[in-house]
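Participant: Here it is, the structure, as structure tokens.
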Amino acid sequence: MTDDTKCVVCNNSANQKCSGCHLVYYCSREHQKSDWKTHKKICKPYKISTDGEIGRHLVATRDFKPGEIILKEAPLIWGPTQETVPVCLGCGVAINENKYKPCSKCGWPVCGEICEKSPSHIPECQYTVSRGSKMCISTFGTIHPSYQCITVLRCLYQKQFLSEVWKKLDLLESHCEERKNTSKYEKDRTVVAQFILTFFKLRNIFTEEDVLRICGIVNVNGHEVPLTSPPYVAIYETTSMFEHNCRANCNKTFTDKGLVLIKAGTSIKKGDHLSICYTDPLWGTVNRRHHLYESKFFWCSCKRCSDVTELGTYFSAMRCQSSECNGYLLPPTFLINNSNEKPPNWRCSKCCATSTAHHMQDLLDRIGQDLQELPKGESSPAKAFIQTCEKYLHTNHYYLTDVRFALSQLIGHENQRGLPGCSDEDLELKARLCQSLANLLKILAPGESRARGLLLYELHATVAELGRRSGDPYNLNFALQEAKKILQEVAELLKNEPETLQEGKIYKQCLKNLKEIDVVLMTVHKTIGDTPF
Ligand SMILES: C[S@@+](CC[C@H](N)C(=O)[O-])C[C@H]1O[C@@H](n2cnc3c(N)ncnc32)[C@H](O)[C@@H]1O
């Protein structure tokens, strides 16, 4: 027995490993419990490392299975997003002229007594009281410029009064130098910094640089939290250390109480970097890279961005238009980091025909325009778009994926009778769409458990309905077994989603459906005399 397998409390032999860090052992539950107060301060399944290119990042110090929780943490600070309609400054939900009260001290609208007393509201309340006159918000439902200052003001308050939180915020990346000379920096200077320093009369306490540095910290480290409508922004200490990857190995979600929850999205080995996706994984490589450069100041060169086929999915590929050729066109690389550099020609993988990047971009822009003009919430225009654009784009192309995803969710929700009201063709189309999109997501974004969960949830219902329609109890038995297996996967994918979000509601429904399927399977079993489980 090595020292590692000795109880850290009594040094006797131990065989119970701490399930958090897997680094210390205990001989009994009692000793684990008695050590927790000390151990919890260091119990982490990751460490912070530094690298010349990506800066600080997290490295796993043990293996993880998909779905295992890696981290759960409360925000250091939260506040409204920069562009927002008036929201309650206690709880973050949108307010309107019939549903608010001005805070009795400062005048900023809140939704009631409890929110007025919320500790989150103290900073802007105190700074408004000190300036000598109350805030008056009288227009609701449209973006209100005064709210641009709130989250930054809350950070400044920490700097002035609460050094514990400020020390943590102050350590975060702000990209101040890179931000200079950007239009966003100029806007932050003229709109946020000037407003804060002048309106709140804070020029003797903070400089313009102080404010702009905080704008950078919020920009680079803020997470949009969709728990309220509209979403709010929050900054978390350790979560800020996750690096980006377009095929991230971790999945980010939030609890109903606003904690961020990071889970393993794939199997992770000790020593692997832990990553989340800072951008939309269902955007094409060019758009993802530009978005990351503009918002987080780095050109992504992850495995997915470096491979023009995007891991064999051809997510950005165009169909070759040469007659009789069924190849796909792609450029030799998407890793262009300079807008002055001429982008290379696209080439067909089969017949080697080439086309200029300019011509391809033109075609993509036109398809993108058609997509924007597509009526939302109707399946017929979506079907027509797919039929037309499949002549130009790979089936997995991001534009087609976008519309195929929408169509997969629309079929069965357009008529009052739901799936039973759909034609056989539509049901089969829905099943094919859900299955192929779920497979695509597993390759491109294995950490995206929410989108995969939604697709598989729709798939289980479609498979069950197809089984019912077959009129054959053996087929029905088979279909229900299949639907049950899919539902079990959905439950795993969505089990940590907050109840306030659609995915959390689907998780609850999923548990109900699993029970119901078992009941129906019992009846089917009686008919066919077979064991359904
Ligand atoms: C939220 S911070 C992550 C922590 C940061 N590395 C630090 O040291 O504070 C985001 C910044 O980390 C860097 N970063 C994250 N992922 C990266 C990646 N895949 N490649 C290059 N830089 C990355 C970029 O500078 C980005 O703006």
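Just remember, in the structure tokens the first chain shown is A, the second B, etc., residues are 1-based per chain, and ligands are 1-based in the order shown.
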Once you count only C-alpha atoms and all ligand atoms, what closest atom pair and distance in Å to one decimal does each residue of chain A within 8 Å of ligand 1 have, with rows by chain and rising residue number, as a Markdown table?
Facilitator:
| residue | atom | partner | partner_atom_place_in_ligand_line | distance |
| --- | --- | --- | --- | --- |
| A:Thr50 | CA | ligand 1 | 8 (O) | 7.2 |
| A:Glu53 | CA | ligand 1 | 21 (C) | 5.7 |
| A:Ile54 | CA | ligand 1 | 22 (N) | 3.7 |
| A:Gly55 | CA | ligand 1 | 6 (N) | 3.9 |
| A:Arg56 | CA | ligand 1 | 8 (O) | 3.6 |
| A:His57 | CA | ligand 1 | 6 (N) | 5.6 |
| A:Leu171 | CA | ligand 1 | 9 (O) | 7.3 |
| A:Leu172 | CA | ligand 1 | 9 (O) | 5.0 |
| A:Glu173 | CA | ligand 1 | 9 (O) | 4.3 |
| A:Ser174 | CA | ligand 1 | 27 (O) | 7.9 |
| A:His175 | CA | ligand 1 | 27 (O) | 6.9 |
| A:Val220 | CA | ligand 1 | 1 (C) | 5.5 |
| A:Asn221 | CA | ligand 1 | 1 (C) | 4.5 |
| A:Gly222 | CA | ligand 1 | 1 (C) | 7.9 |
| A:Thr239 | CA | ligand 1 | 1 (C) | 7.7 |
| A:Ser240 | CA | ligand 1 | 1 (C) | 4.4 |
| A:Met241 | CA | ligand 1 | 4 (C) | 4.2 |
| A:Phe242 | CA | ligand 1 | 3 (C) | 5.6 |
| A:Glu243 | CA | ligand 1 | 16 (N) | 3.7 |
| A:His244 | CA | ligand 1 | 16 (N) | 3.9 |
| A:Asn245 | CA | ligand 1 | 19 (N) | 5.4 |
| A:Ser275 | CA | ligand 1 | 16 (N) | 7.9 |
| A:Ser295 | CA | ligand 1 | 27 (O) | 7.6 |
| A:Lys296 | CA | ligand 1 | 27 (O) | 3.8 |
| A:Phe297 | CA | ligand 1 | 27 (O) | 5.3 |
| A:Phe298 | CA | ligand 1 | 21 (C) | 5.2 |
| A:Trp299 | CA | ligand 1 | 21 (C) | 6.6 |
| A:Cys300 | CA | ligand 1 | 20 (N) | 5.3 |
| A:Ser301 | CA | ligand 1 | 20 (N) | 6.9 |
| A:Cys302 | CA | ligand 1 | 19 (N) | 6.5 |
Participant: Mind checking which residues fall within 9 Å of Val211 of chain A, counting only C-alpha atoms, ignoring those fewer than 6 positions away in the same chain, and posting them as a count of residues only?
Facilitator: 9
Participant: Just list the residues in segment 353-459 of chain A DSSP gives alpha helix (DSSP H) on the backbone, as a ChimeraX atom specification.
Facilitator: /A:357-373,379-389,398-410,424-444,449-459
Participant: Residues of the last selection are to be written out with C-alpha atoms, as a compact mmCIF listing (two decimals), in the first residue's frame.
Facilitator:
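This went into result_14.txt:
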# COMPACT_ATOMS: atom_id res chain seq x y z
CA ALA A 357 -13.18 33.16 -52.63
CA HIS A 358 -14.97 36.32 -53.74
CA HIS A 359 -17.38 34.34 -55.93
CA MET A 360 -18.06 31.81 -53.15
CA GLN A 361 -18.65 34.59 -50.63
CA ASP A 362 -21.06 36.25 -53.05
CA LEU A 363 -23.07 33.04 -53.39
CA LEU A 364 -23.05 32.50 -49.62
CA ASP A 365 -24.18 36.09 -49.00
CA ARG A 366 -27.14 35.59 -51.35
CA ILE A 367 -28.15 32.34 -49.63
CA GLY A 368 -27.69 34.05 -46.25
CA GLN A 369 -30.00 36.85 -47.39
CA ASP A 370 -32.66 34.31 -48.48
CA LEU A 371 -32.33 32.64 -45.07
CA GLN A 372 -32.89 35.94 -43.27
CA GLU A 373 -36.02 36.57 -45.30
CA SER A 379 -42.48 24.28 -42.39
CA SER A 380 -43.34 24.80 -46.10
CA PRO A 381 -40.90 27.69 -46.75
CA ALA A 382 -38.23 25.78 -44.78
CA LYS A 383 -38.73 22.69 -46.98
CA ALA A 384 -38.52 24.82 -50.14
CA PHE A 385 -35.32 26.52 -48.89
CA ILE A 386 -33.71 23.13 -48.23
CA GLN A 387 -34.71 21.82 -51.65
CA THR A 388 -33.24 24.84 -53.46
CA CYS A 389 -30.08 25.25 -51.40
CA TYR A 398 -24.33 25.50 -41.60
CA TYR A 399 -27.11 27.33 -43.46
CA LEU A 400 -28.91 24.06 -44.22
CA THR A 401 -28.25 22.80 -40.68
CA ASP A 402 -29.89 25.92 -39.31
CA VAL A 403 -33.07 25.42 -41.38
CA ARG A 404 -33.08 21.61 -40.95
CA PHE A 405 -32.88 22.15 -37.17
CA ALA A 406 -35.82 24.58 -37.23
CA LEU A 407 -37.83 22.20 -39.44
CA SER A 408 -37.13 19.25 -37.13
CA GLN A 409 -38.68 21.23 -34.27
CA LEU A 410 -41.60 22.56 -36.35
CA ASP A 424 -46.32 9.66 -42.66
CA GLU A 425 -43.88 11.50 -44.95
CA ASP A 426 -43.51 14.35 -42.48
CA LEU A 427 -42.99 11.97 -39.59
CA GLU A 428 -40.31 10.10 -41.48
CA LEU A 429 -38.67 13.39 -42.50
CA LYS A 430 -38.72 14.56 -38.87
CA ALA A 431 -37.12 11.33 -37.65
CA ARG A 432 -34.38 11.57 -40.32
CA LEU A 433 -33.69 15.22 -39.51
CA CYS A 434 -33.51 14.68 -35.74
CA GLN A 435 -31.24 11.66 -36.05
CA SER A 436 -28.84 13.16 -38.59
CA LEU A 437 -28.60 16.48 -36.75
CA ALA A 438 -27.99 14.75 -33.41
CA ASN A 439 -25.18 12.75 -35.06
CA LEU A 440 -23.71 15.91 -36.59
CA LEU A 441 -23.78 17.70 -33.23
CA LYS A 442 -22.04 14.81 -31.54
CA ILE A 443 -19.10 15.28 -33.92
CA LEU A 444 -18.99 19.07 -34.04
CA SER A 449 -26.02 18.69 -24.62
CA ARG A 450 -29.01 21.08 -24.75
CA ALA A 451 -29.42 21.09 -28.54
CA ARG A 452 -28.79 17.34 -28.75
CA GLY A 453 -31.29 16.79 -25.93
CA LEU A 454 -33.98 18.77 -27.79
CA LEU A 455 -33.39 16.83 -31.01
CA LEU A 456 -33.45 13.44 -29.31
CA TYR A 457 -36.56 14.37 -27.33
CA GLU A 458 -38.40 15.11 -30.60
CA LEU A 459 -36.95 11.91 -32.09
Participant: Restricting the calculation to only C-alpha atoms: of A:Glu116, A:Asp472, A:Glu237, A:Glu294, which residue gets closest to Glu73 of chain A?
Facilitator: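 Of the candidates, the smallest distance to Glu73 of chain A is held by A:Glu237.
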Participant: Which residue is closest to Lys252 of chain A? Choose from A:Val165, A:Val191, A:Val225, A:Ile235 and count only C-alpha atoms.
Facilitator: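 With only C-alpha atoms as the atom set, the closest residue is A:Val225.
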Participant: Expressed in Å to a single decimal, how great is the separation between atom CA of Glu499 of chain A and atom CA of Lys512 of chain A?
Facilitator: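 The value is 14.7 Å.
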Participant: From the list A:Gly52, A:Gly447, A:Pro86, A:Gly312, which residue is nearest Ile143 of chain A when using only C-alpha atoms?
Facilitator: A:Pro86
Participant: In Å to one decimal, how far is atom CA of Leu501 of chain A from atom CA of Tyr232 of chain A?
Facilitator: 14.2 Å
Participant: Which of segment 10-86 of chain A end up as strand (DSSP E or B) when DSSP is run on this backbone - answer as a count of residues only?
Facilitator: 27
Participant: Give me, as a PyMOL selection string, all polymer residues having an atom no more than 7 Å from segment 132-141 of chain A, counting only C-alpha atoms and skipping those fewer than 2 positions away in the same chain.
Facilitator: chain A and resi 85-86+96-97+106-108+128-130+143
Participant: Filtering to N, CA and C atoms, could you give me those residues as a PDB file, in the first residue's frame?
Facilitator:
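Listing of again-v1.pdb after writing:
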ATOM      1  N   VAL A  85     -33.417  46.538 -22.314  1.00  0.00           N
ATOM      2  CA  VAL A  85     -34.614  47.288 -21.935  1.00  0.00           C
ATOM      3  C   VAL A  85     -34.527  47.472 -20.415  1.00  0.00           C
ATOM      4  N   PRO A  86     -35.272  48.410 -19.820  1.00  0.00           N
ATOM      5  CA  PRO A  86     -35.224  48.549 -18.368  1.00  0.00           C
ATOM      6  C   PRO A  86     -35.560  47.233 -17.654  1.00  0.00           C
ATOM      7  N   ASN A  96     -42.154  46.821 -16.820  1.00  0.00           N
ATOM      8  CA  ASN A  96     -42.873  47.746 -17.692  1.00  0.00           C
ATOM      9  C   ASN A  96     -43.619  48.751 -16.821  1.00  0.00           C
ATOM     10  N   GLU A  97     -44.266  49.726 -17.491  1.00  0.00           N
ATOM     11  CA  GLU A  97     -44.855  50.846 -16.739  1.00  0.00           C
ATOM     12  C   GLU A  97     -45.897  50.414 -15.712  1.00  0.00           C
ATOM     13  N   CYS A 106     -33.171  55.623  -4.404  1.00  0.00           N
ATOM     14  CA  CYS A 106     -32.435  56.136  -5.572  1.00  0.00           C
ATOM     15  C   CYS A 106     -33.301  56.363  -6.808  1.00  0.00           C
ATOM     16  N   GLY A 107     -34.498  55.806  -6.861  1.00  0.00           N
ATOM     17  CA  GLY A 107     -35.387  56.007  -8.010  1.00  0.00           C
ATOM     18  C   GLY A 107     -35.250  54.983  -9.128  1.00  0.00           C
ATOM     19  N   TRP A 108     -34.145  54.202  -9.159  1.00  0.00           N
ATOM     20  CA  TRP A 108     -34.030  53.180 -10.219  1.00  0.00           C
ATOM     21  C   TRP A 108     -35.206  52.212 -10.064  1.00  0.00           C
ATOM     22  N   THR A 128     -26.092  56.659  -6.714  1.00  0.00           N
ATOM     23  CA  THR A 128     -27.141  57.602  -7.148  1.00  0.00           C
ATOM     24  C   THR A 128     -27.523  58.520  -5.984  1.00  0.00           C
ATOM     25  N   VAL A 129     -27.618  57.927  -4.796  1.00  0.00           N
ATOM     26  CA  VAL A 129     -27.948  58.748  -3.616  1.00  0.00           C
ATOM     27  C   VAL A 129     -26.849  59.800  -3.416  1.00  0.00           C
ATOM     28  N   SER A 130     -25.583  59.391  -3.559  1.00  0.00           N
ATOM     29  CA  SER A 130     -24.469  60.329  -3.338  1.00  0.00           C
ATOM     30  C   SER A 130     -24.471  61.464  -4.352  1.00  0.00           C
ATOM     31  N   ILE A 143     -34.587  49.589 -25.675  1.00  0.00           N
ATOM     32  CA  ILE A 143     -33.243  49.671 -25.070  1.00  0.00           C
ATOM     33  C   ILE A 143     -33.063  51.041 -24.419  1.00  0.00           C
TER      34      ILE A 143
END
Participant: Select, from A:Phe195, A:Phe200, A:Tyr127, A:Phe478, the residue with the minimum atom-to-atom distance to Ile517 of chain A, counting only C-alpha atoms.
Facilitator: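 Of the candidates, the smallest distance to Ile517 of chain A is held by A:Phe478.
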Participant: Of the candidates A:Thr61, A:Thr266, A:Gln194, A:Ser306, which shows the shortest atom-to-atom distance to Tyr46 of chain A, using only C-alpha atoms?
Facilitator: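 Among the listed residues, the smallest separation from Tyr46 of chain A belongs to A:Thr61.
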Participant: To one decimal in Å, tell me the separation between atom CA of Arg154 of chain A and atom CA of Phe199 of chain A.
Facilitator: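 That distance, rounded to one decimal, is 15.1 Å.
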